[in-house]
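Pasting query.txt here (compact mmCIF, C-alpha atoms):
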```txt
# COMPACT_ATOMS: atom_id res chain seq x y z
CA MET C 1 -25.30 60.00 -60.67
CA ARG C 2 -24.02 62.16 -57.84
CA GLY C 3 -20.48 63.34 -57.51
CA PRO C 4 -18.26 63.10 -54.46
CA THR C 5 -19.60 64.81 -51.35
CA PRO C 6 -17.51 67.82 -50.41
CA ARG C 7 -15.88 67.77 -47.01
CA LEU C 8 -17.49 69.80 -44.30
CA HIS C 9 -15.86 73.13 -43.57
CA GLY C 10 -16.15 75.25 -40.43
CA ASP C 11 -17.79 74.14 -37.20
CA VAL C 12 -20.35 71.88 -38.77
CA GLY C 13 -18.42 68.66 -38.03
CA GLN C 14 -17.09 69.49 -34.58
CA VAL C 15 -17.78 66.99 -31.82
CA GLY C 16 -19.86 68.45 -29.00
CA GLY C 17 -18.74 68.08 -25.37
CA ILE C 18 -15.04 68.75 -25.76
CA GLU C 19 -15.35 71.51 -23.14
CA VAL C 20 -16.03 68.80 -20.51
CA LEU C 21 -12.53 67.27 -20.79
CA PRO C 22 -10.87 69.81 -18.44
CA PHE C 23 -13.51 69.08 -15.79
CA GLY C 24 -12.94 65.34 -16.14
CA LEU C 25 -9.20 65.90 -15.71
CA LEU C 26 -9.84 68.05 -12.65
CA ILE C 27 -12.04 65.35 -11.09
CA PHE C 28 -9.33 62.75 -11.82
CA VAL C 29 -6.65 64.87 -10.12
CA VAL C 30 -8.82 65.61 -7.06
CA GLY C 31 -9.82 61.93 -6.81
CA SER C 32 -6.18 60.86 -6.98
CA LEU C 33 -5.25 63.29 -4.20
CA LEU C 34 -8.15 62.00 -2.09
CA VAL C 35 -7.05 58.37 -2.49
CA ALA C 36 -3.43 59.31 -1.73
CA ASN C 37 -4.51 61.14 1.42
CA ALA C 38 -6.62 58.19 2.53
CA TRP C 39 -3.62 55.94 2.13
CA GLY C 40 -1.54 58.46 4.07
CA VAL C 41 -3.93 58.12 7.01
CA VAL C 42 -3.72 54.31 6.90
CA ASP C 43 0.07 54.46 6.69
CA ALA C 44 0.22 56.92 9.58
CA LYS C 45 -1.98 54.61 11.67
CA LEU C 46 0.47 51.76 11.07
CA ALA C 47 3.36 54.03 12.05
CA VAL C 48 1.82 55.31 15.30
CA THR C 49 0.70 51.82 16.34
CA THR C 50 4.25 50.57 15.97
CA ALA C 51 5.62 53.70 17.66
CA ALA C 52 3.29 53.25 20.64
CA ARG C 53 4.28 49.60 21.02
CA GLU C 54 8.00 50.42 20.93
CA ALA C 55 7.59 53.43 23.24
CA VAL C 56 5.74 51.48 25.94
CA ARG C 57 8.29 48.67 25.71
CA ALA C 58 11.15 51.17 26.11
CA TYR C 59 9.31 52.86 28.98
CA VAL C 60 8.73 49.74 31.07
CA GLU C 61 12.30 48.52 30.48
CA ALA C 62 13.92 51.82 31.52
CA PRO C 63 16.05 51.76 34.67
CA ASP C 64 14.09 54.55 36.44
CA GLY C 65 11.10 56.85 36.01
CA ASP C 66 13.10 59.93 35.02
CA LEU C 67 14.85 58.20 32.17
CA ALA C 68 11.75 56.24 31.12
CA ALA C 69 9.93 59.20 29.54
CA VAL C 70 13.02 60.24 27.60
CA VAL C 71 13.64 56.72 26.29
CA ALA C 72 9.98 56.29 25.29
CA ASP C 73 9.99 59.60 23.43
CA GLU C 74 13.17 58.68 21.53
CA ALA C 75 11.81 55.24 20.64
CA ALA C 76 8.52 56.62 19.30
CA ARG C 77 10.19 59.35 17.24
CA SER C 78 12.74 56.97 15.75
CA VAL C 79 9.99 54.55 14.69
CA VAL C 80 7.97 57.34 13.07
CA ALA C 81 11.09 58.58 11.27
CA GLY C 82 11.81 55.02 10.16
CA HIS C 83 8.36 54.93 8.53
CA GLY C 84 9.31 57.99 6.50
CA ARG C 85 7.19 60.40 8.53
CA ASN C 86 8.13 63.68 10.19
CA PRO C 87 9.01 62.97 13.85
CA ASP C 88 8.28 66.61 14.77
CA ARG C 89 4.54 65.96 14.25
CA VAL C 90 4.50 63.27 16.97
CA ARG C 91 2.93 63.83 20.39
CA ILE C 92 3.49 61.28 23.16
CA GLY C 93 1.56 60.87 26.39
CA VAL C 94 2.30 58.48 29.26
CA ALA C 95 -0.22 57.52 31.92
CA HIS C 96 -0.04 55.17 34.90
CA ASP C 97 -3.10 53.42 36.29
CA GLY C 98 -4.22 55.19 39.44
CA ASP C 99 -1.57 57.91 38.90
CA GLU C 100 0.97 55.72 40.67
CA PRO C 101 4.68 56.49 40.29
CA PHE C 102 7.10 54.39 38.24
CA ALA C 103 7.30 51.11 40.19
CA ARG C 104 6.90 47.37 39.84
CA CYS C 105 3.51 46.07 38.60
CA VAL C 106 2.24 49.52 37.56
CA ARG C 107 0.29 49.38 34.29
CA THR C 108 1.60 52.03 31.93
CA THR C 109 -0.23 53.27 28.83
CA VAL C 110 1.61 55.20 26.13
CA THR C 111 -0.45 57.14 23.59
CA VAL C 112 1.20 58.34 20.39
CA SER C 113 -0.55 60.92 18.20
CA TYR C 114 0.44 62.09 14.73
CA ASP C 115 -1.04 64.96 12.72
CA VAL C 116 -1.58 63.86 9.12
CA PRO C 117 -1.42 66.83 6.74
CA ALA C 118 -4.51 67.70 4.69
CA LEU C 119 -2.50 67.71 1.47
CA SER C 120 0.76 65.87 0.88
CA LEU C 121 2.78 66.61 -2.22
CA PRO C 122 5.93 64.73 -3.17
CA PHE C 123 9.19 66.67 -2.70
CA ILE C 124 7.24 69.61 -1.21
CA GLY C 125 5.72 68.20 1.97
CA GLY C 126 2.37 68.50 3.65
CA TYR C 127 0.05 71.41 4.33
CA GLY C 128 -2.57 71.75 7.04
CA ASP C 129 -3.72 69.29 9.68
CA ALA C 130 -6.64 67.18 8.53
CA PHE C 131 -6.48 64.11 10.77
CA ASP C 132 -5.13 63.30 14.19
CA VAL C 133 -4.11 59.63 14.10
CA ARG C 134 -3.73 58.10 17.55
CA ALA C 135 -2.70 54.72 18.98
CA SER C 136 -2.26 53.47 22.55
CA GLN C 137 -0.39 50.49 23.94
CA SER C 138 -0.26 49.27 27.52
CA GLU C 139 2.12 47.09 29.56
CA ILE C 140 2.98 46.54 33.19
CA ILE C 141 6.39 47.25 34.60
CA ASP C 142 8.06 43.90 35.21
CA PRO C 143 7.50 42.74 38.79
CA TYR C 144 10.70 40.66 38.86
CA ARG C 145 13.17 43.08 37.37
CA SER C 146 16.21 44.22 39.26
CA GLY C 147 17.06 47.80 40.06
CA LEU C 148 13.65 48.95 41.27
CA PRO C 149 12.89 49.43 44.99
CA GLY C 150 10.09 47.59 46.73
CA SER C 151 8.52 44.20 46.11
CA ALA C 152 6.05 42.93 43.57
CA ARG C 153 2.40 43.60 44.40
CA CYS C 154 0.81 41.83 41.45
```
In structure tokens, write the structure found in this file.
Amino acid sequence: MRGPTPRLHGDVGQVGGIEVLPFGLLIFVVGSLLVANAWGVVDAKLAVTTAAREAVRAYVEAPDGDLAAVVADEAARSVVAGHGRNPDRVRIGVAHDGDEPFARCVRTTVTVSYDVPALSLPFIGGYGDAFDVRASQSEIIDPYRSGLPGSARC
């Protein structure tokens, strides 16, 4: 008859592979940051699409060409800020078909761009510029509106 087996002492019973746990944790953290950044790009695309739509609407409804660019810029920045994004990262471009001036029936395209940071950390902010998210919307200036000189050509 054998007696009780003595417990193992020293390193004999240690489980191998415990040194891999920090690498697994590192991969989890990097993967989480990658997924969060991907969602940040999708969210920014939603924000700039909405900002472009509101900016072109404000532009074509403005009373004159001088005020139109200012109103479009304010509309786009307020939409981006409403989506929780930094309005200082927004760039806005306005183009008319055929480089015509602000007038009835002129198709206007507003392009809104937003620089998505490479790394976004809560309460700290974003670092770097990884992606340039861009959206364009187009409308014509109302041919029947009052206050604009000339007649409708469309």
- C:Ser136: which residues within 9 Å, counting only C-alpha atoms, same-chain residues fewer than 4 positions away excluded, as number ranges by chain? C: 48-49, 52-53, 56, 109-113
- Quick one: of C:Cys154, C:Val94, C:Leu148, C:Ala135, who's nearest to C:Glu61, counting all atoms listed in the file?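 Looking only at the distances to C:Glu61, the closest residue turns out to be C:Leu148.
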- Item | For C:Val60, the nearest of the candidates C:Leu21, C:Val41, C:Leu119, C:Ala103, counting only C-alpha atoms | C:Ala103
- Please provide the set of residues having any atom within 12 Å of C:Ala38, restricted to all atoms listed in the file, with same-chain residues fewer than 5 positions apart removed, written as JSON, numbers by chain. {"C": [31, 32, 33, 43, 44, 45, 116, 117, 118, 119, 120, 130, 131, 133]}
Using only C-alpha atoms, please write the residues we just selected to a file, as a JSON list (two decimals), in the frame of the given file.
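Contents of part_10.json, freshly written:
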```json
[["chain", "number", "residue", "atom", "x", "y", "z"],
["C", 31, "GLY", "CA", -9.82, 61.93, -6.81],
["C", 32, "SER", "CA", -6.18, 60.86, -6.98],
["C", 33, "LEU", "CA", -5.25, 63.29, -4.20],
["C", 43, "ASP", "CA", 0.07, 54.46, 6.69],
["C", 44, "ALA", "CA", 0.22, 56.92, 9.58],
["C", 45, "LYS", "CA", -1.98, 54.61, 11.67],
["C", 116, "VAL", "CA", -1.58, 63.86, 9.12],
["C", 117, "PRO", "CA", -1.42, 66.83, 6.74],
["C", 118, "ALA", "CA", -4.51, 67.70, 4.69],
["C", 119, "LEU", "CA", -2.50, 67.71, 1.47],
["C", 120, "SER", "CA", 0.76, 65.87, 0.88],
["C", 130, "ALA", "CA", -6.64, 67.18, 8.53],
["C", 131, "PHE", "CA", -6.48, 64.11, 10.77],
["C", 133, "VAL", "CA", -4.11, 59.63, 14.10]]
```
- Pick from C:Arg145, C:Arg107, C:Arg134, C:Arg153 nearest to C:Arg89, counting all atoms listed in the file: C:Arg134
- So, counting all atoms listed in the file, which residue among C:Val71, C:Ile141, C:Leu46, C:Val29 is closest to C:Arg85?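 Closest residue, counting all atoms listed in the file: C:Leu46.
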- Separation of atom CA of C:Gly84 from atom CA of C:Ala69 in Å: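 Pair atom CA of C:Ala69 / atom CA of C:Gly84 returns 23.1 Å.
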- Separation of atom CA of C:Trp39 and atom CA of C:Val80, in Å?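 Computing it gives 16.0 Å between the two atoms.
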- Can you work out the spacing between atom CA of C:Leu34 and atom CA of C:Thr50 in Å, to one decimal? 24.7 Å
- Item | Residue list as a list in words for point (4.8, 63.9, 22.6), cut-off 8 Å, only C-alpha atoms | Asp73, Val90, Arg91, Ile92, Gly93, Val112 and Ser113 of chain C
- Task: For C:Phe102, please output as a PyMOL selection string all residues within 8 Å (counting only C-alpha atoms; exclusion window: fewer than 4 positions along the same chain).
- Result: chain C and resi 64-65+96+106
